[in-house]
Amino acid sequence: MTAALVEVRDLGVAFATERGDVHALRHVSLDLARGAIVGLVGESGSGKSTLALALPMLLPANARVTGGEIRFDGVSFAAMGERGFKELRGRRIAMVFQDPMTSLNPVISIASHLGDVIARRHPDLGRRERKRRAIAMLDRVGIPDAERRLGGFAHEFSGGMRQRIMIAMALLAEPDLLIADEPTTALDVTIERQILVLLRDLRREFAGTILFISHSLGTVAELCDEVIVLYAGTVAETGASAALFARAGHPYMQALIRCETEVPGTDRRLRSIPGDVPDLIDPPGGCAFAPRCPVAVAACRSAVPLLRPLAGGTHAACHVAR
Amino acid sequence: MRHAALRYFTSRLITTALVILGAMILLFALTLLVRGDPASVLLGPQATPEVIADFQRRMGLDRPVYERLGLFLWNMVQGDLGRDVVSGRPVLDRVIEVLPYTLTLTFVSIGFAVLLGIPLGCYAATHPGSRGDQFLAIASVSVVAIPNFVIAIYLLLIFSIWLNWLPVLGTGPSGDWGDAALRLILPSLSLALSWIGYIARLMRSSLLEVLSEPYIRTSRAYGLSETKIVYKYALRNASIPTLAILGLGVGRLLGGAIFAEIIFARPGIGKLIYDAIGTRNYPVVQGSVLAVVVLFVLVNLAVDMAYGWIDPRIRAQSARAAAPA
């Protein structure tokens with residue numbers, strides 16, 4: 001029980017495209033501790049969603065694992081086989097997806113969505129008990145008039161309500177690992193707030209691990225115990241949330257924090273890190289961030305930096321940071 | 001909600017009635033355009049001008065066009081489709097007499113198309129790139145490309161003449177249901193074969209599309225079995241395009257029934273129209289074409305209703321659309 005719930009070692013994932021293989025994840029190693037809320041941050045295209053889909057092996061057909069391994073509760077995916085990791089889905093791993101508008105089936109009732117999740121987790125439960133649990137959970141995640149709305153369909157609910165339904169599905173699966181892939185990105189700011197408050201409240205009842213994926217540092221700082229920063233398919237920095245936001249070591253993380261906090265009054269979206277995210281079809285040889293890095297030295301362009309402990313208490317993949 | 005659904009149904013019903021009215025007017029106009037005078041066809045080349053004039057007066061052919069149209073519509077609305085110029089019997093009777101044969105043929109064909117096309121399409125979509133899928137692709141395109149009547153003739157040759165498994169022609173003695181069913185197999189199969197291929201192709205592509213939707217990924221993420229995902233969560237969405245095609249398909253099948261009825265020497269509305277055209281028997285042509293139009297429109301009305309049953313979003317939309325602003 002001392003080992004982490006999820007251990008990812010040297011994981012590589014590539015997508016086959018017309019222009020060639022896109023190396024979305026390269027040599028990614030990380031741990032998800034039991035019972036922790038782990039934040040996964042990074043820009044668009046940094047590999048956040050790829051990692052989220054790789055954990056339950058839900059990668060699209062054009063993706064393939066190029067190397068490394070994933071261990072869940074001490075057992076590697078390679079050892080458990082396809083049947084084995086499919087067995088995890090809906091029983092030990094549950095997901096909340098980014099876009100609640102398209103993630104619920106438009107012609108299947110909410111009752112069926114929830115009922116099938118309960119039936120998968122507890123095959124012995126009767127119809128009546130499944131219904132009772134579904135109503136109780138909808139009530140719990142803040143759907144008013146749950147009993148009547150159970151028979152409804154996704155299009156009858158607002159975006160925020162649909163995301164609450166997705167969260168209800170995830171919780172009904174009683175998973176050890178809940179992956180929330182940018183659960184608030186598709187929502188209005190006020191609704192986003194409500195969903196985050198809901199997640200924080202549920203935290204007290206849900207004992208499992210949560211992988212919370214977001215591009216919003218503020219949200220992650222508020223919600224998460226630990227943070228993993230991805231850049232161009234590699235882990236740039238990891239550490240306890242408090243340490244990372246107080247004393248980030250990696251120049252990329254420092255730049256990200258500056259983007260979110262600097263120059264009060266200006267539109268946050270207008271601020272950015274100079275330069276572009278590297279082309280992942282032909283990633284740069286050394287540190288992926290080197291071309292945009294203000295403190296890069298010669299070594300950064302030739303050798304890939306490995307994660308190492310810094311004085312601030314975090315681990316960063318950087319030749320320069322101390 | 002119930003009220004709105006009723007309102008939607010009524011508005012669809014009115015549209016349906018308008019389509020039928022339009023069809024009636026077109027049918028009437030057609031008789032004005034077609035060359036050949038029914039009086040001279042019927043009375044033969046020896047008829048004197050006096051006899052022809054008398055005939056035209058009796059048939060109302062000498063009155064002004066608008067008057068004839070008005071009378072034509074009024075009679076049709078009352079269910080009077082006119083009289084068969086040759087036998088003198090009411091056209092409605094002749095249509096009702098042969099309609100069951102055509103309806104049976106059409107719906108048995110659709111039954112074949114749906115019962116074989118949908119499972120084959122599902123198989124192909126769930127085994128993309130497999131040998132079965134590749135075989136089905138070639139077979140589907142072949143049966144879609146070959147015209148119905150060619151298929152009909154080959155089916156006749158193979159199963160009735162060479163193998164002698166099935167009866168050749170006709171509908172058999174009345175009352176013998178087993179024999180009637182046997183005699184239905186080849187004609188309906190010859191009509192259905194291209195539709196089996198068509199529906200299988202359509203089902204395959206729409207199911208594949210649905211299976212790549214994010215909500216299917218949700219079902220996978222919760223570990224639902226592939227069978228449950230395909231047949232409970234995907235098939236419903238994927239069957240909507242097939243349903244739309246079936247509505248149109250009934251029209252094509254009714255048209256195709258003409259070939260099948262002629263080749264297999266079966267009574268039916270197609271054969272009735274075909275024979276009536278040959279003798280310039282206008283009332284029979286009009287009456288039976290109208291019957292086909294009414295059937296087609298009613299089937300499409302039923303298909304529209306079925307959409308709402310399959311997809312709750314359409315149900316909600318149509319309720320909104322029909323509600324007063």
# chains A, B, ... in the order shown; residues from 1 in each chain; ligands from 1
>>> residues_around(residues="stretch 275-281 of chain A", least_positions_apart="6", cutoff="8 Å", atoms="only C-alpha atoms", output="list in words")
Arg19, Gly20, Asp21, Val22, His23, Ala24, Ala232, Ala288, Phe289, Pro291 and Arg292 of chain A
>>> write_last_selection(atoms="N, CA and C atoms", output="compact mmCIF listing (two decimals), in the first residue's frame")
# COMPACT_ATOMS: atom_id res chain seq x y z
N ARG A 19 1.33 13.87 -41.79
CA ARG A 19 2.65 14.51 -41.85
C ARG A 19 3.73 13.67 -41.17
N GLY A 20 3.32 12.62 -40.48
CA GLY A 20 4.27 11.78 -39.79
C GLY A 20 3.82 11.56 -38.36
N ASP A 21 4.62 10.85 -37.56
CA ASP A 21 4.24 10.57 -36.18
C ASP A 21 4.37 11.81 -35.32
N VAL A 22 3.31 12.11 -34.58
CA VAL A 22 3.38 13.19 -33.59
C VAL A 22 3.67 12.56 -32.24
N HIS A 23 4.82 12.92 -31.68
CA HIS A 23 5.21 12.32 -30.40
C HIS A 23 4.60 13.12 -29.26
N ALA A 24 3.37 12.74 -28.89
CA ALA A 24 2.60 13.53 -27.92
C ALA A 24 3.12 13.38 -26.51
N ALA A 232 5.40 20.13 -23.96
CA ALA A 232 5.73 19.44 -25.22
C ALA A 232 5.90 17.93 -25.03
N ALA A 288 13.12 20.52 -24.48
CA ALA A 288 12.09 20.98 -25.42
C ALA A 288 11.82 22.47 -25.27
N PHE A 289 12.09 23.01 -24.10
CA PHE A 289 11.76 24.41 -23.85
C PHE A 289 12.91 25.34 -24.26
N PRO A 291 14.39 26.47 -26.94
CA PRO A 291 14.26 27.55 -27.93
C PRO A 291 13.52 28.77 -27.38
N ARG A 292 12.68 28.59 -26.36
CA ARG A 292 11.91 29.73 -25.82
C ARG A 292 12.47 30.19 -24.47
>>> select_by_dssp(residues="stretch 219-320 of chain A", states="helix (DSSP H, G or I)", output="ChimeraX atom specification")
/A:219-223,241-246,251-261,268-270,290-292,298-302
>>> write_last_selection(atoms="N, CA and C atoms", output="compact mmCIF listing (two decimals), in the first residue's frame")
# COMPACT_ATOMS: atom_id res chain seq x y z
N THR A 219 -6.80 27.50 -10.57
CA THR A 219 -7.67 26.41 -10.17
C THR A 219 -6.86 25.28 -9.55
N VAL A 220 -5.76 24.95 -10.20
CA VAL A 220 -4.92 23.85 -9.73
C VAL A 220 -4.33 24.18 -8.37
N ALA A 221 -3.86 25.44 -8.20
CA ALA A 221 -3.27 25.85 -6.93
C ALA A 221 -4.29 25.71 -5.81
N GLU A 222 -5.55 26.00 -6.13
CA GLU A 222 -6.60 26.01 -5.13
C GLU A 222 -7.02 24.60 -4.74
N LEU A 223 -7.05 23.70 -5.73
CA LEU A 223 -7.69 22.40 -5.54
C LEU A 223 -6.70 21.27 -5.23
N SER A 241 1.95 21.16 -4.33
CA SER A 241 1.35 22.36 -4.87
C SER A 241 1.93 23.62 -4.23
N ALA A 242 2.00 23.63 -2.91
CA ALA A 242 2.48 24.83 -2.21
C ALA A 242 3.90 25.19 -2.62
N ALA A 243 4.78 24.17 -2.63
CA ALA A 243 6.18 24.40 -2.97
C ALA A 243 6.33 24.89 -4.41
N LEU A 244 5.56 24.27 -5.30
CA LEU A 244 5.69 24.59 -6.72
C LEU A 244 5.26 26.02 -7.01
N PHE A 245 4.17 26.44 -6.41
CA PHE A 245 3.71 27.79 -6.70
C PHE A 245 4.54 28.84 -5.97
N ALA A 246 5.15 28.45 -4.84
CA ALA A 246 5.98 29.40 -4.11
C ALA A 246 7.36 29.53 -4.75
N PRO A 251 12.23 27.17 -15.65
CA PRO A 251 11.93 28.46 -16.29
C PRO A 251 10.56 28.48 -16.96
N TYR A 252 10.11 27.32 -17.45
CA TYR A 252 8.80 27.27 -18.09
C TYR A 252 7.69 27.51 -17.07
N MET A 253 7.80 26.84 -15.92
CA MET A 253 6.80 27.01 -14.87
C MET A 253 6.82 28.45 -14.36
N GLN A 254 8.00 28.99 -14.23
CA GLN A 254 8.11 30.38 -13.78
C GLN A 254 7.41 31.31 -14.77
N ALA A 255 7.63 31.06 -16.05
CA ALA A 255 7.00 31.90 -17.08
C ALA A 255 5.48 31.75 -17.05
N LEU A 256 5.01 30.49 -16.84
CA LEU A 256 3.56 30.25 -16.76
C LEU A 256 2.95 31.04 -15.61
N ILE A 257 3.60 30.96 -14.45
CA ILE A 257 3.08 31.67 -13.27
C ILE A 257 3.04 33.17 -13.54
N ARG A 258 4.09 33.67 -14.20
CA ARG A 258 4.15 35.10 -14.52
C ARG A 258 2.97 35.47 -15.45
N CYS A 259 2.68 34.58 -16.40
CA CYS A 259 1.58 34.84 -17.33
C CYS A 259 0.26 35.02 -16.61
N GLU A 260 0.08 34.26 -15.54
CA GLU A 260 -1.22 34.29 -14.87
C GLU A 260 -1.31 35.41 -13.84
N THR A 261 -0.17 35.95 -13.42
CA THR A 261 -0.24 36.91 -12.31
C THR A 261 0.18 38.33 -12.70
N ARG A 268 -5.82 38.37 -19.32
CA ARG A 268 -4.86 37.31 -19.08
C ARG A 268 -4.50 36.57 -20.37
N ARG A 269 -5.48 36.45 -21.26
CA ARG A 269 -5.22 35.68 -22.49
C ARG A 269 -4.20 36.37 -23.39
N LEU A 270 -4.08 37.71 -23.19
CA LEU A 270 -3.19 38.45 -24.08
C LEU A 270 -1.73 38.22 -23.73
N ALA A 290 14.09 24.78 -24.53
CA ALA A 290 15.29 25.58 -24.79
C ALA A 290 15.08 26.71 -25.80
N PRO A 291 14.39 26.47 -26.94
CA PRO A 291 14.26 27.55 -27.93
C PRO A 291 13.52 28.77 -27.38
N ARG A 292 12.68 28.59 -26.36
CA ARG A 292 11.91 29.73 -25.82
C ARG A 292 12.47 30.19 -24.47
N ALA A 298 24.29 26.21 -23.52
CA ALA A 298 24.63 25.31 -24.63
C ALA A 298 24.14 23.88 -24.36
N ALA A 299 24.29 23.41 -23.12
CA ALA A 299 23.92 22.04 -22.76
C ALA A 299 22.43 21.78 -23.01
N CYS A 300 21.60 22.83 -22.87
CA CYS A 300 20.15 22.67 -23.02
C CYS A 300 19.78 22.22 -24.42
N ARG A 301 20.60 22.59 -25.42
CA ARG A 301 20.25 22.27 -26.80
C ARG A 301 20.79 20.90 -27.22
N SER A 302 21.66 20.33 -26.42
CA SER A 302 22.24 19.05 -26.83
C SER A 302 21.75 17.89 -25.97
>>> interface_residues(of="chain A", to="chain B", cutoff="8 Å", atoms="only C-alpha atoms", output="PyMOL selection string")
chain A and resi 56+58+86-91+93-95+97+102-108+116-117+120+153+155+173
>>> atom_distance(atom1="atom CA of B:Val150", atom2="atom CA of B:Ala260")
10.2 Å
>>> select_by_dssp(residues="stretch 14-46 of chain A", states="strand (DSSP E)", output="JSON list (two decimals) with C-alpha atoms, in the first residue's frame")
[["chain", "number", "residue", "atom", "x", "y", "z"],
["A", 14, "ALA", "CA", 2.71, 8.83, -30.71],
["A", 15, "PHE", "CA", -0.14, 9.68, -33.06],
["A", 16, "ALA", "CA", 0.11, 8.63, -36.69],
["A", 17, "THR", "CA", -0.78, 11.60, -38.92],
["A", 20, "GLY", "CA", 4.27, 11.78, -39.79],
["A", 21, "ASP", "CA", 4.24, 10.57, -36.18],
["A", 22, "VAL", "CA", 3.38, 13.19, -33.59],
["A", 23, "HIS", "CA", 5.21, 12.32, -30.40],
["A", 24, "ALA", "CA", 2.60, 13.53, -27.92],
["A", 25, "LEU", "CA", 4.27, 12.01, -24.87],
["A", 26, "ARG", "CA", 8.01, 11.35, -24.57],
["A", 27, "HIS", "CA", 9.71, 9.57, -21.68],
["A", 28, "VAL", "CA", 7.04, 10.57, -19.19],
["A", 29, "SER", "CA", 7.53, 9.29, -15.65],
["A", 30, "LEU", "CA", 5.24, 10.22, -12.80],
["A", 31, "ASP", "CA", 3.44, 8.87, -9.73],
["A", 32, "LEU", "CA", -0.11, 9.46, -8.60],
["A", 37, "ILE", "CA", -5.55, 15.34, -5.86],
["A", 38, "VAL", "CA", -2.90, 15.70, -8.50],
["A", 39, "GLY", "CA", -3.07, 18.63, -10.88],
["A", 40, "LEU", "CA", -1.79, 18.21, -14.42],
["A", 41, "VAL", "CA", -1.06, 21.52, -16.11]]
